[in-house]
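S.K.: My structure is stored as run_11.txt, with compact mmCIF, C-alpha atoms and all ligand atoms.
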# COMPACT_ATOMS: atom_id res chain seq x y z
CA MET T 1250 70.31 84.20 96.37
CA ALA T 1251 67.25 85.78 94.77
CA SER T 1252 68.10 88.69 92.53
CA GLY T 1253 65.76 90.96 94.48
CA SER T 1254 67.88 90.65 97.60
CA ASN T 1255 71.25 90.82 95.90
CA PRO T 1256 72.93 94.21 96.17
CA PHE T 1257 75.16 93.24 93.23
CA PRO T 1258 72.73 92.11 90.52
CA LEU T 1259 75.54 91.68 88.03
CA TYR T 1260 76.79 88.79 90.10
CA VAL T 1261 73.59 86.77 90.08
CA GLY T 1262 74.59 83.61 88.26
CA GLY T 1263 78.20 84.81 88.16
CA ALA T 1264 79.62 81.82 89.98
CA ASN T 1265 81.63 80.91 86.89
CA GLY T 1266 83.89 83.87 87.72
CA VAL T 1267 82.78 86.03 84.78
CA GLU T 1268 83.36 89.62 85.82
CA PRO T 1269 80.93 92.51 85.22
CA ALA T 1270 81.39 95.26 82.70
CA LEU T 1271 83.69 98.15 83.56
CA GLY T 1272 82.13 100.98 85.52
CA GLN T 1273 79.62 98.83 87.41
CA ALA T 1274 81.60 98.10 90.57
CA PRO T 1275 81.15 99.97 93.87
CA ARG T 1276 84.08 102.34 94.16
CA ILE T 1277 86.90 101.83 96.61
CA THR T 1278 86.58 104.98 98.70
CA SER T 1279 89.64 104.64 100.93
CA LEU T 1280 92.81 102.63 101.42
CA LEU T 1281 94.15 101.11 104.61
CA ILE T 1282 97.85 100.70 103.90
CA LYS T 1283 100.23 98.52 105.92
CA PRO T 1284 103.73 99.76 105.03
CA ALA T 1285 105.35 97.42 107.57
CA SER T 1286 102.72 94.70 107.21
CA ALA T 1287 101.71 93.20 110.60
CA VAL T 1288 105.20 93.77 112.05
CA CYS T 1289 105.18 95.69 115.35
CA ASN T 1290 107.70 97.03 117.86
CA LEU T 1291 105.41 96.04 120.74
CA ASP T 1292 104.21 92.67 121.97
CA CYS T 1293 100.71 93.33 123.31
CA SER T 1294 99.32 90.09 124.65
CA TYR T 1295 95.86 90.59 123.14
CA CYS T 1296 97.04 91.49 119.62
CA PHE T 1297 95.38 89.41 116.91
CA TYR T 1298 97.96 90.45 114.28
CA LEU T 1299 100.93 88.77 115.94
CA ASP T 1300 101.72 85.22 114.80
CA ARG T 1301 98.38 84.72 113.12
CA ASP T 1302 98.32 81.28 111.45
CA ALA T 1303 96.41 82.67 108.46
CA ASP T 1304 98.91 85.56 107.92
CA PRO T 1305 100.18 84.98 104.35
CA TYR T 1306 103.45 86.81 105.17
CA LYS T 1307 104.14 85.22 108.54
CA ALA T 1308 107.39 83.58 107.47
CA LEU T 1309 108.86 86.85 106.17
CA PRO T 1310 110.48 88.81 109.02
CA ALA T 1311 111.49 92.08 107.29
CA ARG T 1312 108.40 93.44 105.60
CA ARG T 1313 108.60 97.03 104.34
CA MET T 1314 106.93 98.69 101.39
CA THR T 1315 109.52 99.67 98.78
CA SER T 1316 109.61 103.15 97.26
CA GLU T 1317 108.68 101.60 93.88
CA THR T 1318 105.51 100.04 95.30
CA LEU T 1319 104.71 103.29 97.13
CA GLU T 1320 105.08 105.35 93.97
CA ARG T 1321 102.92 102.99 91.93
CA LEU T 1322 100.29 102.99 94.70
CA VAL T 1323 100.14 106.78 95.00
CA ASP T 1324 100.18 107.41 91.25
CA THR T 1325 97.44 104.93 90.39
CA TYR T 1326 95.19 105.56 93.39
CA LEU T 1327 95.26 109.35 93.02
CA PHE T 1328 94.18 108.90 89.41
CA TYR T 1329 91.45 106.37 90.29
CA SER T 1330 90.02 108.21 93.30
CA TYR T 1331 89.98 111.78 91.95
CA PRO T 1332 88.76 114.19 93.37
CA ASN T 1333 88.80 112.83 96.96
CA SER T 1334 91.61 110.49 97.97
CA VAL T 1335 91.98 108.95 101.42
CA PHE T 1336 95.16 107.17 102.54
CA ALA T 1337 95.10 105.61 106.02
CA PHE T 1338 98.17 103.88 107.44
CA GLN T 1339 98.07 101.10 109.97
CA GLY T 1340 100.03 98.01 110.94
CA GLY T 1341 101.38 96.28 112.87
CA GLU T 1342 103.05 99.59 113.54
CA PRO T 1343 103.22 101.82 110.44
CA THR T 1344 105.89 104.20 111.82
CA LEU T 1345 108.36 101.29 111.51
CA ALA T 1346 108.46 102.21 107.80
CA GLY T 1347 110.40 105.32 108.91
CA LEU T 1348 109.80 109.03 108.59
CA PRO T 1349 111.51 109.27 105.14
CA PHE T 1350 108.89 106.83 103.79
CA PHE T 1351 106.07 109.19 104.80
CA GLU T 1352 107.95 112.30 103.61
CA LYS T 1353 108.32 110.56 100.25
CA LEU T 1354 104.60 109.76 100.29
CA VAL T 1355 103.71 113.44 100.67
CA GLU T 1356 106.15 114.36 97.87
CA LEU T 1357 104.54 111.80 95.57
CA GLN T 1358 101.08 113.02 96.44
CA LYS T 1359 102.14 116.55 95.45
CA GLN T 1360 103.73 115.24 92.27
CA TYR T 1361 100.81 113.08 91.09
CA GLY T 1362 97.85 114.98 92.54
CA ARG T 1363 95.80 117.08 90.15
CA ASP T 1364 94.17 120.49 90.43
CA GLY T 1365 91.07 120.35 92.61
CA GLN T 1366 92.08 117.07 94.27
CA THR T 1367 91.66 116.66 98.03
CA VAL T 1368 94.10 114.24 99.62
CA SER T 1369 93.75 113.13 103.27
CA ASN T 1370 96.25 111.12 105.25
CA ALA T 1371 95.59 109.27 108.51
CA LEU T 1372 97.83 107.13 110.68
CA GLN T 1373 97.14 104.84 113.61
CA THR T 1374 100.16 104.42 115.88
CA ASN T 1375 101.20 102.97 119.23
CA GLY T 1376 103.12 106.24 119.75
CA ILE T 1377 106.45 104.62 120.66
CA LEU T 1378 108.60 106.11 117.87
CA LEU T 1379 107.14 109.62 117.67
CA ASP T 1380 109.45 112.61 118.00
CA LYS T 1381 109.46 116.27 116.99
CA ASN T 1382 110.15 115.47 113.30
CA TRP T 1383 107.06 113.25 113.07
CA CYS T 1384 105.04 116.01 114.74
CA ASP T 1385 106.26 118.53 112.14
CA LEU T 1386 105.05 116.32 109.28
CA PHE T 1387 101.66 115.59 110.88
CA ARG T 1388 101.03 119.25 111.65
CA ALA T 1389 102.26 120.62 108.32
CA TYR T 1390 99.90 118.40 106.32
CA GLN T 1391 97.08 118.11 108.88
CA TRP T 1392 97.21 114.35 109.23
CA LEU T 1393 94.51 112.59 111.19
CA LEU T 1394 96.41 110.80 113.91
CA GLY T 1395 95.16 108.04 116.18
CA VAL T 1396 97.17 106.97 119.24
CA SER T 1397 96.55 103.66 121.02
CA LEU T 1398 96.21 104.07 124.78
CA ASP T 1399 93.96 101.84 126.86
CA GLY T 1400 93.56 104.12 129.90
CA PRO T 1401 95.48 104.80 133.15
CA GLU T 1402 98.83 103.07 133.69
CA GLU T 1403 97.64 99.97 135.53
CA VAL T 1404 94.98 99.38 132.87
CA ASN T 1405 97.10 100.05 129.80
CA ASP T 1406 100.03 98.00 131.08
CA ARG T 1407 97.99 94.90 131.77
CA TYR T 1408 98.20 93.82 128.12
CA ARG T 1409 100.24 96.44 126.22
CA PHE T 1410 103.89 95.35 126.54
CA ASN T 1411 107.11 96.10 124.71
CA LYS T 1412 109.38 93.32 123.39
CA GLU T 1413 111.09 93.08 126.79
CA GLY T 1414 107.71 92.44 128.43
CA ARG T 1415 107.56 95.85 130.11
CA GLY T 1416 104.60 98.22 130.19
CA THR T 1417 104.38 100.97 127.57
CA TRP T 1418 102.21 103.58 129.27
CA LYS T 1419 104.99 106.00 130.29
CA ARG T 1420 106.46 106.15 126.79
CA VAL T 1421 103.05 106.66 125.16
CA MET T 1422 102.22 109.44 127.62
CA GLU T 1423 105.47 111.19 126.61
CA SER T 1424 104.31 111.03 122.99
CA VAL T 1425 100.87 112.37 123.93
CA ALA T 1426 102.57 115.33 125.66
CA LEU T 1427 104.80 115.86 122.62
CA LEU T 1428 101.85 115.87 120.23
CA LYS T 1429 100.04 118.41 122.38
CA LYS T 1430 103.12 120.62 122.73
CA ASN T 1431 103.61 120.63 118.96
CA GLY T 1432 99.99 121.37 118.16
CA VAL T 1433 99.26 118.03 116.41
CA GLU T 1434 95.61 117.01 116.46
CA PHE T 1435 95.04 113.42 117.47
CA ASN T 1436 92.43 111.09 118.83
CA ILE T 1437 92.73 108.10 121.13
CA LEU T 1438 91.98 104.51 120.24
CA CYS T 1439 91.14 102.45 123.30
CA VAL T 1440 90.84 98.67 123.11
CA LEU T 1441 88.17 97.42 125.49
CA SER T 1442 89.45 94.29 127.21
CA GLN T 1443 88.96 92.64 130.58
CA ALA T 1444 91.43 95.25 131.91
CA ASN T 1445 89.13 98.23 131.42
CA VAL T 1446 85.62 97.27 130.28
CA ASP T 1447 84.18 97.51 133.80
CA ARG T 1448 85.66 100.99 134.35
CA PRO T 1449 83.88 103.42 132.03
CA LYS T 1450 83.95 106.27 134.54
CA ASP T 1451 87.70 105.93 135.19
CA LEU T 1452 88.44 105.82 131.46
CA TYR T 1453 86.27 108.78 130.59
CA ARG T 1454 87.73 110.90 133.40
CA PHE T 1455 91.26 109.87 132.48
CA TYR T 1456 90.90 110.90 128.84
CA ARG T 1457 89.05 114.09 129.66
CA GLY T 1458 91.74 114.93 132.23
CA LEU T 1459 94.27 114.76 129.39
CA GLY T 1460 92.16 117.16 127.35
CA ILE T 1461 91.28 114.45 124.79
CA ASP T 1462 88.03 115.23 123.01
CA HIS T 1463 87.90 112.50 120.37
CA ILE T 1464 87.90 108.85 121.46
CA GLN T 1465 87.26 105.54 119.73
CA PHE T 1466 86.58 102.33 121.68
CA ILE T 1467 87.22 98.97 120.02
CA PRO T 1468 85.78 95.85 121.68
CA LEU T 1469 88.12 92.89 121.95
CA ALA T 1470 86.78 89.49 120.91
CA GLU T 1471 89.26 86.74 120.10
CA PHE T 1472 88.52 83.03 120.37
CA ASP T 1473 90.57 79.85 120.62
CA ALA T 1474 90.37 77.00 118.11
CA GLU T 1475 87.36 75.51 119.94
CA GLY T 1476 85.49 78.82 119.78
CA HIS T 1477 85.99 79.68 123.47
CA PRO T 1478 86.67 83.35 124.32
CA MET T 1479 90.32 84.14 125.13
CA PRO T 1480 90.87 85.44 128.72
CA PHE T 1481 91.03 89.11 127.66
CA THR T 1482 87.89 88.90 125.47
CA ILE T 1483 84.94 90.87 126.83
CA SER T 1484 81.39 89.57 126.97
CA PRO T 1485 78.54 91.24 125.05
CA GLU T 1486 76.90 92.16 128.35
CA GLN T 1487 80.07 93.86 129.62
CA TYR T 1488 80.40 95.78 126.36
CA GLY T 1489 76.74 96.83 126.43
CA ARG T 1490 76.98 98.01 130.05
CA PHE T 1491 80.17 99.92 129.25
CA LEU T 1492 78.58 101.72 126.30
CA CYS T 1493 75.40 102.65 128.20
CA GLU T 1494 77.35 104.05 131.16
CA LEU T 1495 79.69 105.87 128.80
CA PHE T 1496 76.73 107.34 126.95
CA ASP T 1497 75.34 108.78 130.20
CA LEU T 1498 78.75 110.22 131.14
CA TRP T 1499 79.21 111.70 127.68
CA TRP T 1500 75.72 113.15 127.20
CA PRO T 1501 76.32 116.46 129.06
CA ASP T 1502 79.58 116.88 127.03
CA ARG T 1503 78.06 115.86 123.70
CA ARG T 1504 78.74 119.17 121.98
CA LYS T 1505 82.43 119.17 122.84
CA VAL T 1506 83.51 115.51 123.02
CA ARG T 1507 83.33 113.04 120.17
CA ILE T 1508 82.92 109.32 120.83
CA ARG T 1509 83.12 107.56 117.51
CA LEU T 1510 80.28 105.05 117.97
CA PHE T 1511 77.85 107.72 119.16
CA ASP T 1512 78.83 109.92 116.20
CA ASN T 1513 78.16 106.97 113.90
CA ILE T 1514 74.72 106.28 115.35
CA ALA T 1515 73.85 109.97 114.94
CA GLU T 1516 75.10 109.89 111.34
CA ALA T 1517 72.88 106.89 110.58
CA LEU T 1518 69.88 108.63 112.19
CA ALA T 1519 70.58 111.73 110.11
CA GLY T 1520 70.37 109.61 106.96
CA GLN T 1521 74.11 109.74 106.25
CA LYS T 1522 76.48 106.85 105.66
CA PRO T 1523 78.12 106.24 109.06
CA GLY T 1524 81.91 106.62 109.28
CA THR T 1525 82.39 103.00 110.37
CA CYS T 1526 82.11 100.03 108.03
CA THR T 1527 80.47 97.88 110.71
CA MET T 1528 77.28 99.93 110.23
CA HIS T 1529 77.30 99.76 106.42
CA GLU T 1530 75.06 97.45 104.42
CA THR T 1531 77.98 95.71 102.75
CA CYS T 1532 81.73 95.26 103.31
CA ASP T 1533 83.15 97.14 100.36
CA SER T 1534 83.95 100.70 101.42
CA TYR T 1535 87.71 100.29 101.75
CA VAL T 1536 90.49 97.85 100.91
CA VAL T 1537 93.72 96.92 102.66
CA VAL T 1538 97.03 97.30 100.82
CA GLU T 1539 99.81 95.12 102.21
CA TYR T 1540 103.51 96.09 102.18
CA ASN T 1541 104.12 94.29 98.86
CA GLY T 1542 101.08 95.79 97.13
CA ASP T 1543 98.71 92.83 97.69
CA VAL T 1544 95.13 93.98 98.20
CA TYR T 1545 92.48 92.49 100.55
CA PRO T 1546 88.88 93.48 101.31
CA CYS T 1547 89.24 93.92 105.09
CA ASP T 1548 91.94 94.20 107.76
CA PHE T 1549 90.46 91.20 109.60
CA PHE T 1550 90.63 89.01 106.51
CA VAL T 1551 94.19 89.43 105.23
CA GLU T 1552 94.24 85.78 104.16
CA GLY T 1553 95.29 84.10 100.94
CA GLY T 1554 91.73 83.13 100.04
CA TRP T 1555 90.56 86.75 100.05
CA LYS T 1556 93.35 88.38 98.04
CA LEU T 1557 91.92 90.75 95.41
CA GLY T 1558 95.06 91.54 93.42
CA ASN T 1559 98.24 93.57 93.60
CA VAL T 1560 98.68 97.28 92.92
CA THR T 1561 101.83 96.69 90.88
CA LEU T 1562 100.03 94.28 88.53
CA ASP T 1563 96.34 95.20 88.50
CA SER T 1564 94.46 98.43 87.87
CA TRP T 1565 92.07 99.80 90.54
CA PRO T 1566 88.98 99.22 88.37
CA GLU T 1567 90.10 95.60 87.92
CA ILE T 1568 90.60 95.17 91.69
CA ALA T 1569 87.28 96.90 92.43
CA ARG T 1570 85.31 94.45 90.30
CA ARG T 1571 86.96 91.19 91.35
CA THR T 1572 84.44 88.45 92.04
CA ARG T 1573 86.00 87.93 95.47
CA ARG T 1574 85.29 91.53 96.42
CA TYR T 1575 81.59 91.03 95.72
CA SER T 1576 81.62 87.71 97.45
CA PHE T 1577 83.21 89.20 100.58
CA ALA T 1578 81.01 92.31 100.53
CA SER T 1579 77.88 90.20 100.41
CA LYS T 1580 78.81 88.17 103.53
CA LYS T 1581 77.19 90.99 105.47
CA THR T 1582 73.91 90.59 103.64
CA LEU T 1583 73.45 87.05 105.05
CA ALA T 1584 70.86 88.28 107.54
CA HIS T 1585 70.52 86.14 110.66
CA PRO T 1586 66.85 85.43 111.55
CA GLU T 1587 67.21 87.67 114.60
CA CYS T 1588 68.47 90.56 112.43
CA GLN T 1589 65.55 90.13 110.03
CA VAL T 1590 63.09 91.09 112.77
CA CYS T 1591 65.32 93.51 114.66
CA GLU T 1592 64.12 97.09 115.11
CA TYR T 1593 67.71 98.34 114.78
CA GLN T 1594 68.51 96.54 111.54
CA SER T 1595 68.49 99.73 109.46
CA ILE T 1596 71.24 101.18 111.69
CA CYS T 1597 73.22 98.09 112.61
CA HIS T 1598 72.97 96.00 109.43
CA GLY T 1599 73.94 92.89 111.37
CA GLY T 1600 77.18 94.25 112.83
CA CYS T 1601 80.60 93.07 111.64
CA PRO T 1602 81.26 89.77 109.86
CA LYS T 1603 84.46 89.40 111.89
CA PHE T 1604 82.35 89.09 115.04
CA ARG T 1605 79.97 86.67 113.33
CA HIS T 1606 82.81 84.55 112.04
CA GLY T 1607 84.99 84.72 115.20
CA PRO T 1608 83.68 81.97 117.49
CA HIS T 1609 82.59 79.31 114.97
CA LYS T 1610 84.05 80.49 111.64
CA LYS T 1611 80.58 80.95 110.15
CA PHE T 1612 79.50 84.19 108.49
CA GLU T 1613 75.85 83.16 109.01
CA ASP T 1614 76.14 83.44 112.81
CA LEU T 1615 74.70 86.29 114.81
CA ASP T 1616 77.30 88.97 115.65
CA TYR T 1617 78.91 88.01 119.00
CA PHE T 1618 78.19 91.55 120.29
CA CYS T 1619 74.53 91.66 119.24
CA ALA T 1620 73.27 91.94 122.84
CA ALA T 1621 75.60 94.92 123.38
CA TYR T 1622 74.33 96.64 120.23
CA LYS T 1623 70.73 96.23 121.37
CA MET T 1624 71.59 97.70 124.77
CA ILE T 1625 73.29 100.80 123.39
CA TYR T 1626 70.78 101.36 120.58
CA GLY T 1627 68.00 101.04 123.16
CA ARG T 1628 69.73 103.61 125.34
CA SER T 1629 70.92 106.08 122.70
CA VAL T 1630 68.69 106.09 119.64
CA GLU T 1631 65.83 108.19 120.99
CA PRO T 1632 67.96 110.94 122.62
CA LEU T 1633 70.28 111.04 119.61
CA ARG T 1634 67.34 111.20 117.21
CA ALA T 1635 65.94 114.18 119.11
CA GLU T 1636 69.38 115.80 119.11
CA VAL T 1637 69.82 115.26 115.36
CA ARG T 1638 66.40 116.81 114.74
CA ARG T 1639 67.29 119.82 116.88
CA MET T 1640 70.55 120.31 115.01
CA MET T 1641 68.95 119.94 111.60
CA ARG T 1642 66.36 122.52 112.50
S1 LIG C 1 84.21 92.49 108.17
FE1 LIG C 1 83.77 94.09 109.71
S2 LIG C 1 85.63 95.36 109.73
FE2 LIG C 1 85.69 94.13 107.83
S3 LIG C 1 84.77 95.47 106.26
FE3 LIG C 1 83.15 94.17 107.11
S4 LIG C 1 82.20 95.39 108.74
FE4 LIG C 1 84.20 96.30 108.27
S1 LIG C 2 71.34 94.50 116.91
FE1 LIG C 2 71.71 92.29 116.70
S2 LIG C 2 69.83 91.48 115.77
FE2 LIG C 2 69.82 93.71 115.48
S3 LIG C 2 70.70 93.99 113.42
FE3 LIG C 2 72.37 94.21 114.94
S4 LIG C 2 73.27 92.15 115.10
FE4 LIG C 2 71.26 91.91 114.11
Kindly return the structure encoded in the file as structure tokens.
Ligand code: SF4
Ligand code: SF4
M.R.:
Amino acid sequence: MASGSNPFPLYVGGANGVEPALGQAPRITSLLIKPASAVCNLDCSYCFYLDRDADPYKALPARRMTSETLERLVDTYLFYSYPNSVFAFQGGEPTLAGLPFFEKLVELQKQYGRDGQTVSNALQTNGILLDKNWCDLFRAYQWLLGVSLDGPEEVNDRYRFNKEGRGTWKRVMESVALLKKNGVEFNILCVLSQANVDRPKDLYRFYRGLGIDHIQFIPLAEFDAEGHPMPFTISPEQYGRFLCELFDLWWPDRRKVRIRLFDNIAEALAGQKPGTCTMHETCDSYVVVEYNGDVYPCDFFVEGGWKLGNVTLDSWPEIARRTRRYSFASKKTLAHPECQVCEYQSICHGGCPKFRHGPHKKFEDLDYFCAAYKMIYGRSVEPLRAEVRRMMR
């Protein structure tokens, strides 16, 4: 790679593994922590975490972060990330680590945090284990909570099953009611699969009917060993149509309802760094911390070959400047010929390497959802640009 196009000039000619001087690495700005690894109390049929061949911890059934690892993680990361520290918890299902684990986390944050330090906690959950005690913790410390719910009952229960193979909708709706009753703020994460991608109006009305005003849609794209889409995988055209119809439904509500992708496009148009890594220039804004302290550059690439270190053995500056981190981050800069001439390149930056790598295991491929991105950028960029201008005025 020519040095002019390399976002990490210190790594030009660094194939011998020599690491750059301290202080030169892009900072790790948030952590995605998996206190129960990929272990889950549900058995959703579309879940890519379950029984993944590349999962380095697959053979280990009971995976929980110990209090020693937690303490080391909190202590060192609060010091490294001062003054703004972001801890996000995900799984598998993170609540399997138990409420005392998270109460201990908050205690440690109080113990090791310094004057002037802002600490934010977020948690993504399937909602199955939530009760009043969880609500008290989330509300007391203003956690950002995300609940997975794919829409009305017949939609959600097409793929989201418990271990007995039964639908989960009723139990999740009880948790949604509990969160509302206890004044906990939360948003909804909806996976777009063949069950719901052709029903944007039904989904939007369903969530609005529940009083939800913050929604994130995640497109599902998993492929078999030959690179063929799995039955629940959506096509780029379906995803594009969904987003365009959703945009039209949302537009009259734009000042009161937040749809994450539309927020992110507006952020990019306003000259800010969008809140989603898929629209960043490189893949290095966060890292994943596994239950045993192992660190990886992305939730989709928790694989032995991408391990960056371990929080109980390595310092954060050491992890941040690992050659592998640069190597992974720069996968996104392999611009496909179509991206090089694309009018949306400065917003999209080639999409997500997971969706390039998915069908054929090649980072050089075009993002599987490219056609969808072009559809929604074509539909949304001009109105959002005008809106951003109005708001900035
Ligand atoms: S591969 Fe995709 S999800 Fe992972 S860091 Fe890069 S853009 Fe984000
Ligand atoms: S819309 Fe498609 S061609 Fe354009 S930058 Fe994104 S992935 Fe590349």
S.K.: Could you list, as a PyMOL selection string, all residues that come within 9 Å of ligand LIG 1 (chain C)? Count all atoms listed in the file.
M.R.: chain T and resi 1525-1536+1546-1550+1577-1578+1580-1581+1600-1606
S.K.: Write the residues of the preceding selection, restricted to C-alpha atoms, as a compact mmCIF listing (two decimals), in the coordinates of the input.
M.R.:
# COMPACT_ATOMS: atom_id res chain seq x y z
CA THR T 1525 82.39 103.00 110.37
CA CYS T 1526 82.11 100.03 108.03
CA THR T 1527 80.47 97.88 110.71
CA MET T 1528 77.28 99.93 110.23
CA HIS T 1529 77.30 99.76 106.42
CA GLU T 1530 75.06 97.45 104.42
CA THR T 1531 77.98 95.71 102.75
CA CYS T 1532 81.73 95.26 103.31
CA ASP T 1533 83.15 97.14 100.36
CA SER T 1534 83.95 100.70 101.42
CA TYR T 1535 87.71 100.29 101.75
CA VAL T 1536 90.49 97.85 100.91
CA PRO T 1546 88.88 93.48 101.31
CA CYS T 1547 89.24 93.92 105.09
CA ASP T 1548 91.94 94.20 107.76
CA PHE T 1549 90.46 91.20 109.60
CA PHE T 1550 90.63 89.01 106.51
CA PHE T 1577 83.21 89.20 100.58
CA ALA T 1578 81.01 92.31 100.53
CA LYS T 1580 78.81 88.17 103.53
CA LYS T 1581 77.19 90.99 105.47
CA GLY T 1600 77.18 94.25 112.83
CA CYS T 1601 80.60 93.07 111.64
CA PRO T 1602 81.26 89.77 109.86
CA LYS T 1603 84.46 89.40 111.89
CA PHE T 1604 82.35 89.09 115.04
CA ARG T 1605 79.97 86.67 113.33
CA HIS T 1606 82.81 84.55 112.04
S.K.: Show me the residues close to (98.3, 92.3, 110.1) - anything with an atom within 12 Å, counting only C-alpha atoms - and format the list as an MDAnalysis selection string.
M.R.: chainID T and resid 1281:1289 1296:1307 1312 1338:1343 1537:1540 1545 1547:1552
S.K.: Put those residues in a file: C-alpha atoms, as a tab-separated table (two decimals), in the coordinates of the input.
M.R.:
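What ended up in out.tsv:
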chain	number	residue	atom	x	y	z
T	1281	LEU	CA	94.15	101.11	104.61
T	1282	ILE	CA	97.85	100.70	103.90
T	1283	LYS	CA	100.23	98.52	105.92
T	1284	PRO	CA	103.73	99.76	105.03
T	1285	ALA	CA	105.35	97.42	107.57
T	1286	SER	CA	102.72	94.70	107.21
T	1287	ALA	CA	101.71	93.20	110.60
T	1288	VAL	CA	105.20	93.77	112.05
T	1289	CYS	CA	105.18	95.69	115.35
T	1296	CYS	CA	97.04	91.49	119.62
T	1297	PHE	CA	95.38	89.41	116.91
T	1298	TYR	CA	97.96	90.45	114.28
T	1299	LEU	CA	100.93	88.77	115.94
T	1300	ASP	CA	101.72	85.22	114.80
T	1301	ARG	CA	98.38	84.72	113.12
T	1302	ASP	CA	98.32	81.28	111.45
T	1303	ALA	CA	96.41	82.67	108.46
T	1304	ASP	CA	98.91	85.56	107.92
T	1305	PRO	CA	100.18	84.98	104.35
T	1306	TYR	CA	103.45	86.81	105.17
T	1307	LYS	CA	104.14	85.22	108.54
T	1312	ARG	CA	108.40	93.44	105.60
T	1338	PHE	CA	98.17	103.88	107.44
T	1339	GLN	CA	98.07	101.10	109.97
T	1340	GLY	CA	100.03	98.01	110.94
T	1341	GLY	CA	101.38	96.28	112.87
T	1342	GLU	CA	103.05	99.59	113.54
T	1343	PRO	CA	103.22	101.82	110.44
T	1537	VAL	CA	93.72	96.92	102.66
T	1538	VAL	CA	97.03	97.30	100.82
T	1539	GLU	CA	99.81	95.12	102.21
T	1540	TYR	CA	103.51	96.09	102.18
T	1545	TYR	CA	92.48	92.49	100.55
T	1547	CYS	CA	89.24	93.92	105.09
T	1548	ASP	CA	91.94	94.20	107.76
T	1549	PHE	CA	90.46	91.20	109.60
T	1550	PHE	CA	90.63	89.01	106.51
T	1551	VAL	CA	94.19	89.43	105.23
T	1552	GLU	CA	94.24	85.78	104.16
S.K.: Expressed in Å to a single decimal, how great is the separation between CA of Leu1280 in chain T and CA of Asn1513 in chain T?
M.R.: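 Interatomic distance here is 19.7 Å.
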S.K.: Once you count all atoms listed in the file, which residues end up within 6 Å of ligand LIG 2 (chain C), and could you hand them over as a VMD selection string?
M.R.: chain T and resid 1587 to 1588 1591 1593 to 1594 1597 to 1600 1616 1619 1622 to 1623
S.K.: Any chance you can output those residues with C-alpha atoms as a PDB file, in the coordinates of the input?
M.R.:
ATOM      1  CA  GLU T1587      67.210  87.670 114.600  1.00  0.00           C
ATOM      2  CA  CYS T1588      68.470  90.560 112.430  1.00  0.00           C
ATOM      3  CA  CYS T1591      65.320  93.510 114.660  1.00  0.00           C
ATOM      4  CA  TYR T1593      67.710  98.340 114.780  1.00  0.00           C
ATOM      5  CA  GLN T1594      68.510  96.540 111.540  1.00  0.00           C
ATOM      6  CA  CYS T1597      73.220  98.090 112.610  1.00  0.00           C
ATOM      7  CA  HIS T1598      72.970  96.000 109.430  1.00  0.00           C
ATOM      8  CA  GLY T1599      73.940  92.890 111.370  1.00  0.00           C
ATOM      9  CA  GLY T1600      77.180  94.250 112.830  1.00  0.00           C
ATOM     10  CA  ASP T1616      77.300  88.970 115.650  1.00  0.00           C
ATOM     11  CA  CYS T1619      74.530  91.660 119.240  1.00  0.00           C
ATOM     12  CA  TYR T1622      74.330  96.640 120.230  1.00  0.00           C
ATOM     13  CA  LYS T1623      70.730  96.230 121.370  1.00  0.00           C
TER      14      LYS T1623
END
S.K.: Show which residues sit within 10 Å of Leu1378 in chain T, as a ChimeraX atom specification. Count only C-alpha atoms, and ignore same-chain residues fewer than 5 positions away.
M.R.: /T:1290,1342,1344-1345,1347-1348,1383,1420-1421,1424
S.K.: Would you kindly identify which residues have an atom no farther than 12 Å from (85.9, 115.9, 129.2), using all atoms listed in the file and the file's own coordinates, and write them out as a list in words?
M.R.: Lys1450, Asp1451, Leu1452, Tyr1453, Arg1454, Phe1455, Tyr1456, Arg1457, Gly1458, Leu1459, Gly1460, Ile1461, Asp1462, His1463, Ile1464, Leu1495, Leu1498, Trp1499, Trp1500, Pro1501, Asp1502, Arg1503, Arg1504, Lys1505, Val1506, Arg1507 and Ile1508 of chain T
S.K.: Restricting the calculation to all atoms listed in the file: of T:Ala1474, T:Ala1517, T:Ala1569, T:Ile1625, which residue gets closest to Ser1595 in chain T?
M.R.: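 The closest residue to Ser1595 in chain T is T:Ala1517.
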S.K.: List as a tab-separated table every residue of range 1407-1475 of chain T that is in contact with range 1355-1374 of chain T, defined as an atom at most 12 Å from one of its atoms (using all atoms listed in the file), together with the nearest atom pair and the distance in Å rounded to one decimal, sorted by chain and then rising number.
M.R.:
residue	atom	partner	partner_atom	distance
T:Val1421	CA	T:Thr1374	CA	10.0
T:Ser1424	CA	T:Thr1374	CA	10.6
T:Val1425	CA	T:Thr1374	CA	11.3
T:Glu1434	CA	T:Ala1371	CA	11.1
T:Phe1435	CA	T:Gln1373	CA	9.6
T:Asn1436	CA	T:Gln1373	CA	9.4
T:Ile1437	CA	T:Gln1373	CA	9.3
T:Leu1438	CA	T:Gln1373	CA	8.4
T:Cys1439	CA	T:Gln1373	CA	11.6
T:Gln1465	CA	T:Gln1373	CA	11.6
S.K.: For CA of Arg1313 in chain T and CA of Ala1346 in chain T, quote the distance in Å rounded to one decimal.
M.R.: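 Distance between the two atoms: 6.2 Å.
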S.K.: With distances taken over all atoms listed in the file, which of T:Thr1561, T:Glu1402, T:Asn1541, T:Asp1614 is nearest to Thr1315 in chain T?
M.R.: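 Between T:Thr1561, T:Glu1402, T:Asn1541, T:Asp1614, the residue approaching Thr1315 in chain T most closely is T:Asn1541.
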S.K.: Distance CA of Val1433 in chain T-CA of Val1323 in chain T, one decimal place?
M.R.: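 Computing it gives 24.2 Å between the two atoms.
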S.K.: Could you list, as a PyMOL selection string, every residue within 9 Å of range 1626-1630 of chain T, counting all atoms listed in the file and ignoring same-chain residues fewer than 2 positions away?
M.R.: chain T and resi 1493+1496+1511+1514-1515+1518+1593+1596-1597+1621-1624+1632-1635
